[in-house]
Number of protein chains: 2
Amino acid sequence: MSIRIGIMGYGNLGRGVECAIKQNPDMELAAVFTRRNPEGVKVLTSGAAVCSVVDAPAWKDKIDVMILCGGSATDLPQQTPEYAKLFNVVDSFDTHARIPEHFANVDKAAKEGGKLGIISVGWDPGMFSLNRLYANAILPEGNDYTFWGKGVSQGHSDALRRIEGVKDAKQYTIPVEAALEAVRNGENPELSTREKHTRECFVVLEEGADAAKVEEEIKTMPNYFADYDTTVHFISQEELNKNHSGIPHGGFVLRSGKTGWEKENSHIIEYSLKLDSNPEFTSSVIIAYARAAYRLHKEGQTGCKTVFDIAPAYLSAKTPEELRASML
Amino acid sequence: MSIRIGIMGYGNLGRGVECAIKQNPDMELAAVFTRRNPEGVKVLTSGAAVCSVVDAPAWKDKIDVMILCGGSATDLPQQTPEYAKLFNVVDSFDTHARIPEHFANVDKAAKEGGKLGIISVGWDPGMFSLNRLYANAILPEGNDYTFWGKGVSQGHSDALRRIEGVKDAKQYTIPVEAALEAVRNGENPELSTREKHTRECFVVLEEGADAAKVEEEIKTMPNYFADYDTTVHFISQEELNKNHSGIPHGGFVLRSGKTGWEKENSHIIEYSLKLDSNPEFTSSVIIAYARAAYRLHKEGQTGCKTVFDIAPAYLSAKTPEELRASML
């Protein structure tokens with residue numbers, strides 16, 4: 001029998017989850033839940049139900065794992081604990097500083113409901129976190145580096161669009177190649193914010209807006225741009241739509257460490273991602289962990305887990321015997 | 001209380017394990033076991049015992065995890081099951097094709113003894129295997145690529161030294177940069193053996209040996225060199241000792257996959273290692289898994305495990321709370 005998946009929230013991430021289910025023959029999409037009028041929401045999967053979020057509790061016994069596809073700012077802190085009482089859940093909560101609090105809330109709710117929740121699944125947090133953990137456990141003496149990009153930062157693009165005179169905009173975060181090379185060479189550099197990433201903005205102005213004023217406002221915006229070398233390009237809406245409509249992202253996690261009785265040997269561990277679609281890749285990670293959630297719950301486990309708590313074999317559709325014979 | 005480690009076999013790997021223990025304050029080296037006369041073996045750790053292998057059973061209650069540092073060809077197939085009856089064990093068995101059989105033998109022995117064994121720990125098998133598994137679980141539709149090097153292949157260096165007229169030699173395996181780039185670009189190339197790696201040999205000839213004949217014999221050696229573009233350099237023993245005495249290695253694991261309803265988006269996952277010392281890095285991975293073996297056994301688990309079966313958090317000296325707060 002297939003693992004029956006529910007999708008809560010049908011935006012970019014929800015659609016990514018739907019696509020990922022299609023690639024995994026041991027899974028099926030049971031239902032999509034939306035806050036919109038379900039009759040106005042078309043999904044790609046034939047046979048999948050589209051329901052209002054208020055009907056979700058009625059699906060308690062018809063869904064094995066519910067994927068929560070809302071945002072980390074306001075949706076998930078409320079939704080994940082709420083639905084963890086009824087379903088096994090997976091979310092991609094990505095506000096790093098609030099993970100301990102979110103974990104505690106989901107753990108309590110899931111234990112109450114006898115369910116299992118996996119939080120903060122994706123690539124950062126997610127695969128990048130795993131690589132930080134593995135690399136630190138292997139090389140206790142060393143330095144960690146994380147670079148993001150080249151990719152679209154949604155938060156920074158939103159910040160640009162809030163500026164007066166800006167009609168539309170996209171912002172790319174770009175790692176500084178020289179900094180990456182210094183890390184790869186084992187130089188263990190101490191890098192400032194400015195030395196690690198640059199920011200490139202593609203901005204469509206409102207009719208009659210003052211380009212110089214907008215550029216100045218961008219480059220001096222605290223937290224978002226002031227600490228970076230920022231480039232601003234003014235382009236037309238057509239050009240933005242044509243060349244900047246994708247949602248690529250990626251990045252690099254490196255650990256540079258020493259071994260030997262006198263720390264005489266150096267080692268570099270590097271993990272990198274180059275992603276055409278940030279939400280589709282995140283969804284693909286989520287679906288692998290949905291398989292783990294289903295299996296762990298079947299074994300009787302409940303409460304909250306993260307990627308750190310889950311043995312890799314649980315993610316794969318292959319049996320342990322197949323994995324040992326083909327991938328070890 | 002520290003985790004008490006035993007080292008069985010004091011070659012390059014055993015010495016690497018000793019160095020790794022020094023970097024992990026929750027561990028201590030209890031004893032080194034050798035087939036040589038223990039009085040002739042000097043270890044670096046003050047306070048550690050040096051014993052004959054025949055005395056190992058007497059240490060049953062004084063060692064928490066025994067690290068088996070023998071070779072995969074003849075030592076480990078016999079040693080790991082033997083000692084898994086008495087100790088929790090970790091080995092680095094790396095004959096990929098024989099892993100299922102080795103797993104079964106260790107599983108049976110460890111269960112008989114009520115102990116836990118982790119086999120095939122290191123980087124390939126080991127960290128590379130983990131990355132193959134994670135990447136395949138995330139991107140079910142795609143292609144896998146593993147490249148090794150630049151690094152010293154012990155097996156190929158040994159093959160060179162068996163040739164008549166060769167006094168000493170070192171062989172480097174080198175990934176072909178153009179092939180790596182094609183994979184990174186998402187071209188999904190089908191690569192022959194020759195297209196993936198080249199082999200570079202540094203050879204010291206015996207007095208009066210025929211260089212042309214030796215070179216011909218190397219380049220046409222079946223399995224080892226015939227299928228590769230091989231370069232041979234004849235150098236002096238002094239030069240070999242001066243420039244080629246290290247044991248560097250490393251490599252790349254990549255998965256190139258597609259997502260999207262019509263597979264319209266491409267993704268590249270890449271993991272790479274650049275290691276000054278192959279045995280010291282392998283030992284560092286082993287020691288992290290020794291921590292996992294100790295903890296899992298304390299929880300009551302027995303039998304054989306691989307890196308696929310072990311949740312990442314077990315490898316780290318940090319608590320789950322610390323890991324979530326600092327690395328997720």
# chains A, B, ... in the order shown; residues from 1 in each chain; ligands from 1

$ interface_residues --of "chain A" --to "chain B" --cutoff "6 Å" --atoms "only C-alpha atoms" --output "VMD selection string"
chain A and resid 19 125 129 137 to 138 260 to 261 265 to 276 284 to 285 288 308 to 313 315 to 316 327 to 328

$ write_last_selection --atoms "N, CA and C atoms" --output "compact mmCIF listing (two decimals), in the first residue's frame"
# COMPACT_ATOMS: atom_id res chain seq x y z
N CYS A 19 4.91 17.37 -7.20
CA CYS A 19 5.82 16.85 -8.24
C CYS A 19 6.72 15.75 -7.67
N PRO A 125 17.65 25.12 6.93
CA PRO A 125 18.06 23.88 7.59
C PRO A 125 17.70 22.62 6.81
N SER A 129 22.59 21.37 7.33
CA SER A 129 22.75 21.09 8.77
C SER A 129 23.40 19.73 8.96
N ALA A 137 31.62 16.22 13.57
CA ALA A 137 31.86 15.00 14.33
C ALA A 137 33.15 14.33 13.87
N ILE A 138 33.43 14.42 12.57
CA ILE A 138 34.63 13.77 12.02
C ILE A 138 35.88 14.59 12.32
N GLY A 260 46.15 14.46 13.11
CA GLY A 260 47.56 14.13 13.36
C GLY A 260 47.94 14.49 14.79
N TRP A 261 48.98 13.83 15.28
CA TRP A 261 49.37 14.03 16.68
C TRP A 261 49.70 15.49 16.97
N ASN A 265 48.23 17.49 9.55
CA ASN A 265 47.54 17.24 8.29
C ASN A 265 46.22 18.00 8.19
N SER A 266 45.96 18.53 6.99
CA SER A 266 44.75 19.33 6.75
C SER A 266 43.77 18.56 5.88
N HIS A 267 42.49 18.83 6.10
CA HIS A 267 41.45 18.17 5.33
C HIS A 267 40.34 19.18 5.02
N ILE A 268 39.77 19.05 3.83
CA ILE A 268 38.63 19.89 3.47
C ILE A 268 37.46 18.97 3.10
N ILE A 269 36.33 19.19 3.77
CA ILE A 269 35.07 18.51 3.43
C ILE A 269 34.17 19.58 2.82
N GLU A 270 33.66 19.32 1.62
CA GLU A 270 32.80 20.32 0.97
C GLU A 270 31.52 19.67 0.45
N TYR A 271 30.40 20.31 0.72
CA TYR A 271 29.11 19.86 0.21
C TYR A 271 28.50 21.04 -0.52
N SER A 272 28.00 20.82 -1.72
CA SER A 272 27.41 21.95 -2.43
C SER A 272 26.17 21.54 -3.19
N LEU A 273 25.31 22.50 -3.39
CA LEU A 273 24.07 22.32 -4.13
C LEU A 273 23.98 23.38 -5.21
N LYS A 274 23.52 22.97 -6.39
CA LYS A 274 23.25 23.92 -7.49
C LYS A 274 21.84 23.57 -7.97
N LEU A 275 20.89 24.41 -7.62
CA LEU A 275 19.47 24.06 -7.77
C LEU A 275 18.76 24.98 -8.74
N ASP A 276 18.12 24.41 -9.74
CA ASP A 276 17.28 25.21 -10.64
C ASP A 276 16.05 25.75 -9.92
N SER A 284 11.55 17.90 -2.46
CA SER A 284 12.09 16.56 -2.68
C SER A 284 12.74 16.02 -1.41
N VAL A 285 13.39 16.90 -0.65
CA VAL A 285 13.96 16.49 0.63
C VAL A 285 12.82 16.13 1.59
N ALA A 288 11.33 12.68 1.01
CA ALA A 288 12.17 11.59 1.52
C ALA A 288 11.98 11.45 3.04
N PHE A 308 18.68 15.32 12.26
CA PHE A 308 19.78 14.75 13.05
C PHE A 308 19.40 13.41 13.68
N ASP A 309 18.10 13.20 13.87
CA ASP A 309 17.64 12.04 14.64
C ASP A 309 17.27 10.84 13.77
N ILE A 310 17.46 10.96 12.47
CA ILE A 310 16.90 9.95 11.57
C ILE A 310 18.00 9.22 10.80
N ALA A 311 18.06 7.92 10.99
CA ALA A 311 19.06 7.12 10.28
C ALA A 311 18.78 7.20 8.78
N PRO A 312 19.84 7.40 7.98
CA PRO A 312 19.67 7.62 6.54
C PRO A 312 18.83 6.56 5.83
N ALA A 313 18.94 5.30 6.22
CA ALA A 313 18.23 4.23 5.52
C ALA A 313 16.71 4.45 5.49
N LEU A 315 15.17 7.00 4.73
CA LEU A 315 14.78 7.92 3.65
C LEU A 315 14.58 7.23 2.32
N SER A 316 15.17 6.06 2.18
CA SER A 316 15.23 5.42 0.87
C SER A 316 14.12 4.40 0.68
N MET A 327 24.84 0.68 -2.67
CA MET A 327 25.29 2.05 -2.41
C MET A 327 26.40 2.18 -1.39
N LEU A 328 26.63 1.10 -0.60
CA LEU A 328 27.65 1.22 0.44
C LEU A 328 29.04 1.20 -0.19

$ select_by_dssp --residues "range 136-316 of chain A" --states "strand (DSSP E)" --output "ChimeraX atom specification"
/A:142-148,151-152,166-175,197-205,229-234,249-259,265-275,303-305

$ select_by_dssp --residues "range 36-249 of chain A" --states "alpha helix (DSSP H)" --output "PyMOL selection string"
chain A and resi 75-84+99-113+127-138+154-161+177-184+193-196+211-219+237-243

$ write_last_selection --atoms "C-alpha atoms" --output "PDB file, in the first residue's frame"
ATOM      1  CA  ASP A  75       1.981  29.746   9.543  1.00  0.00           C
ATOM      2  CA  LEU A  76       4.201  26.949  10.808  1.00  0.00           C
ATOM      3  CA  PRO A  77       4.642  28.015  14.468  1.00  0.00           C
ATOM      4  CA  GLN A  78       0.871  27.613  14.757  1.00  0.00           C
ATOM      5  CA  GLN A  79       0.110  24.912  12.154  1.00  0.00           C
ATOM      6  CA  THR A  80       2.772  22.309  12.882  1.00  0.00           C
ATOM      7  CA  PRO A  81       1.829  21.802  16.559  1.00  0.00           C
ATOM      8  CA  GLU A  82      -1.885  21.945  15.647  1.00  0.00           C
ATOM      9  CA  TYR A  83      -1.701  19.250  12.987  1.00  0.00           C
ATOM     10  CA  ALA A  84       0.874  17.140  14.835  1.00  0.00           C
ATOM     11  CA  ILE A  99      14.020  26.047  16.195  1.00  0.00           C
ATOM     12  CA  PRO A 100      14.405  25.005  19.883  1.00  0.00           C
ATOM     13  CA  GLU A 101      11.055  26.599  20.761  1.00  0.00           C
ATOM     14  CA  HIS A 102       9.322  25.152  17.693  1.00  0.00           C
ATOM     15  CA  PHE A 103      10.781  21.725  18.466  1.00  0.00           C
ATOM     16  CA  ALA A 104       9.392  21.830  22.012  1.00  0.00           C
ATOM     17  CA  ASN A 105       5.904  22.820  20.818  1.00  0.00           C
ATOM     18  CA  VAL A 106       5.763  20.152  18.116  1.00  0.00           C
ATOM     19  CA  ASP A 107       7.211  17.502  20.441  1.00  0.00           C
ATOM     20  CA  LYS A 108       4.497  18.130  23.038  1.00  0.00           C
ATOM     21  CA  ALA A 109       1.673  18.142  20.494  1.00  0.00           C
ATOM     22  CA  ALA A 110       2.884  15.050  18.633  1.00  0.00           C
ATOM     23  CA  LYS A 111       3.290  13.080  21.844  1.00  0.00           C
ATOM     24  CA  GLU A 112      -0.225  14.062  22.911  1.00  0.00           C
ATOM     25  CA  GLY A 113      -1.578  12.826  19.607  1.00  0.00           C
ATOM     26  CA  MET A 127      20.981  18.903   4.168  1.00  0.00           C
ATOM     27  CA  PHE A 128      23.373  21.752   5.053  1.00  0.00           C
ATOM     28  CA  SER A 129      22.747  21.090   8.767  1.00  0.00           C
ATOM     29  CA  LEU A 130      23.469  17.393   8.296  1.00  0.00           C
ATOM     30  CA  ASN A 131      26.725  18.193   6.580  1.00  0.00           C
ATOM     31  CA  ARG A 132      27.739  20.581   9.358  1.00  0.00           C
ATOM     32  CA  LEU A 133      27.041  17.842  11.915  1.00  0.00           C
ATOM     33  CA  TYR A 134      28.837  15.022  10.091  1.00  0.00           C
ATOM     34  CA  ALA A 135      31.856  17.208   9.319  1.00  0.00           C
ATOM     35  CA  ASN A 136      32.123  18.492  12.895  1.00  0.00           C
ATOM     36  CA  ALA A 137      31.856  14.996  14.333  1.00  0.00           C
ATOM     37  CA  ILE A 138      34.631  13.774  12.017  1.00  0.00           C
ATOM     38  CA  GLN A 154      12.862  35.924  -1.379  1.00  0.00           C
ATOM     39  CA  GLY A 155      13.293  38.094   1.707  1.00  0.00           C
ATOM     40  CA  HIS A 156      15.675  40.491  -0.005  1.00  0.00           C
ATOM     41  CA  SER A 157      13.519  40.644  -3.144  1.00  0.00           C
ATOM     42  CA  ASP A 158      10.547  41.522  -0.925  1.00  0.00           C
ATOM     43  CA  ALA A 159      12.598  44.244   0.772  1.00  0.00           C
ATOM     44  CA  LEU A 160      13.377  45.782  -2.622  1.00  0.00           C
ATOM     45  CA  ARG A 161       9.713  45.763  -3.609  1.00  0.00           C
ATOM     46  CA  GLU A 177      34.677  33.209  -5.341  1.00  0.00           C
ATOM     47  CA  ALA A 178      37.956  34.392  -3.758  1.00  0.00           C
ATOM     48  CA  ALA A 179      36.625  33.641  -0.274  1.00  0.00           C
ATOM     49  CA  LEU A 180      35.490  30.161  -1.340  1.00  0.00           C
ATOM     50  CA  GLU A 181      38.920  29.498  -2.855  1.00  0.00           C
ATOM     51  CA  ALA A 182      40.707  30.637   0.305  1.00  0.00           C
ATOM     52  CA  VAL A 183      38.619  28.190   2.340  1.00  0.00           C
ATOM     53  CA  ARG A 184      39.247  25.370  -0.148  1.00  0.00           C
ATOM     54  CA  THR A 193      29.849  39.550   5.958  1.00  0.00           C
ATOM     55  CA  ARG A 194      31.057  41.695   3.049  1.00  0.00           C
ATOM     56  CA  GLU A 195      33.849  39.274   2.177  1.00  0.00           C
ATOM     57  CA  LYS A 196      31.538  36.249   1.915  1.00  0.00           C
ATOM     58  CA  ALA A 211      16.697  55.847 -10.045  1.00  0.00           C
ATOM     59  CA  ALA A 212      19.570  57.434  -8.122  1.00  0.00           C
ATOM     60  CA  LYS A 213      17.417  57.809  -5.022  1.00  0.00           C
ATOM     61  CA  VAL A 214      16.199  54.191  -5.213  1.00  0.00           C
ATOM     62  CA  GLU A 215      19.752  52.902  -5.684  1.00  0.00           C
ATOM     63  CA  GLU A 216      20.959  54.906  -2.685  1.00  0.00           C
ATOM     64  CA  GLU A 217      18.103  53.608  -0.573  1.00  0.00           C
ATOM     65  CA  ILE A 218      18.891  50.001  -1.525  1.00  0.00           C
ATOM     66  CA  LYS A 219      22.619  50.225  -0.870  1.00  0.00           C
ATOM     67  CA  GLN A 237       9.355  44.475 -16.498  1.00  0.00           C
ATOM     68  CA  GLU A 238       9.597  42.428 -19.699  1.00  0.00           C
ATOM     69  CA  GLU A 239      13.285  41.733 -19.094  1.00  0.00           C
ATOM     70  CA  LEU A 240      12.608  40.806 -15.461  1.00  0.00           C
ATOM     71  CA  ASN A 241       9.860  38.420 -16.498  1.00  0.00           C
ATOM     72  CA  LYS A 242      11.948  36.898 -19.255  1.00  0.00           C
ATOM     73  CA  ASN A 243      15.297  36.467 -17.512  1.00  0.00           C
TER      74      ASN A 243
END

$ residues_around --residues "Ile174 in chain A" --least-positions-apart "4" --cutoff "7 Å" --atoms "only C-alpha atoms" --output "list in words"
Trp148, Gly149, Lys150, Gly151, His197, Thr198 and Arg199 of chain A

$ closest_atom_pairs --of "range 62-158 of chain B" --to "range 294-302 of chain B" --cutoff "8 Å" --atoms "only C-alpha atoms" --output "CSV"
residue,atom,partner,partner_atom,distance
B:Asp64,CA,B:Tyr294,CA,6.5
B:Val65,CA,B:Tyr294,CA,6.6
B:Asn88,CA,B:Tyr294,CA,7.2
B:Ala110,CA,B:Thr302,CA,6.4
B:Lys111,CA,B:Thr302,CA,5.7
B:Gly114,CA,B:Thr302,CA,5.7
B:Lys115,CA,B:Thr302,CA,5.0
B:Leu116,CA,B:Thr302,CA,4.4
B:Gly117,CA,B:Thr302,CA,7.6

$ residues_around --residues "Pro57 in chain B" --least-positions-apart "4" --cutoff "12 Å" --atoms "only C-alpha atoms" --output "number ranges by chain"
B: 6, 8, 33, 51-53, 61-63, 66, 82-87
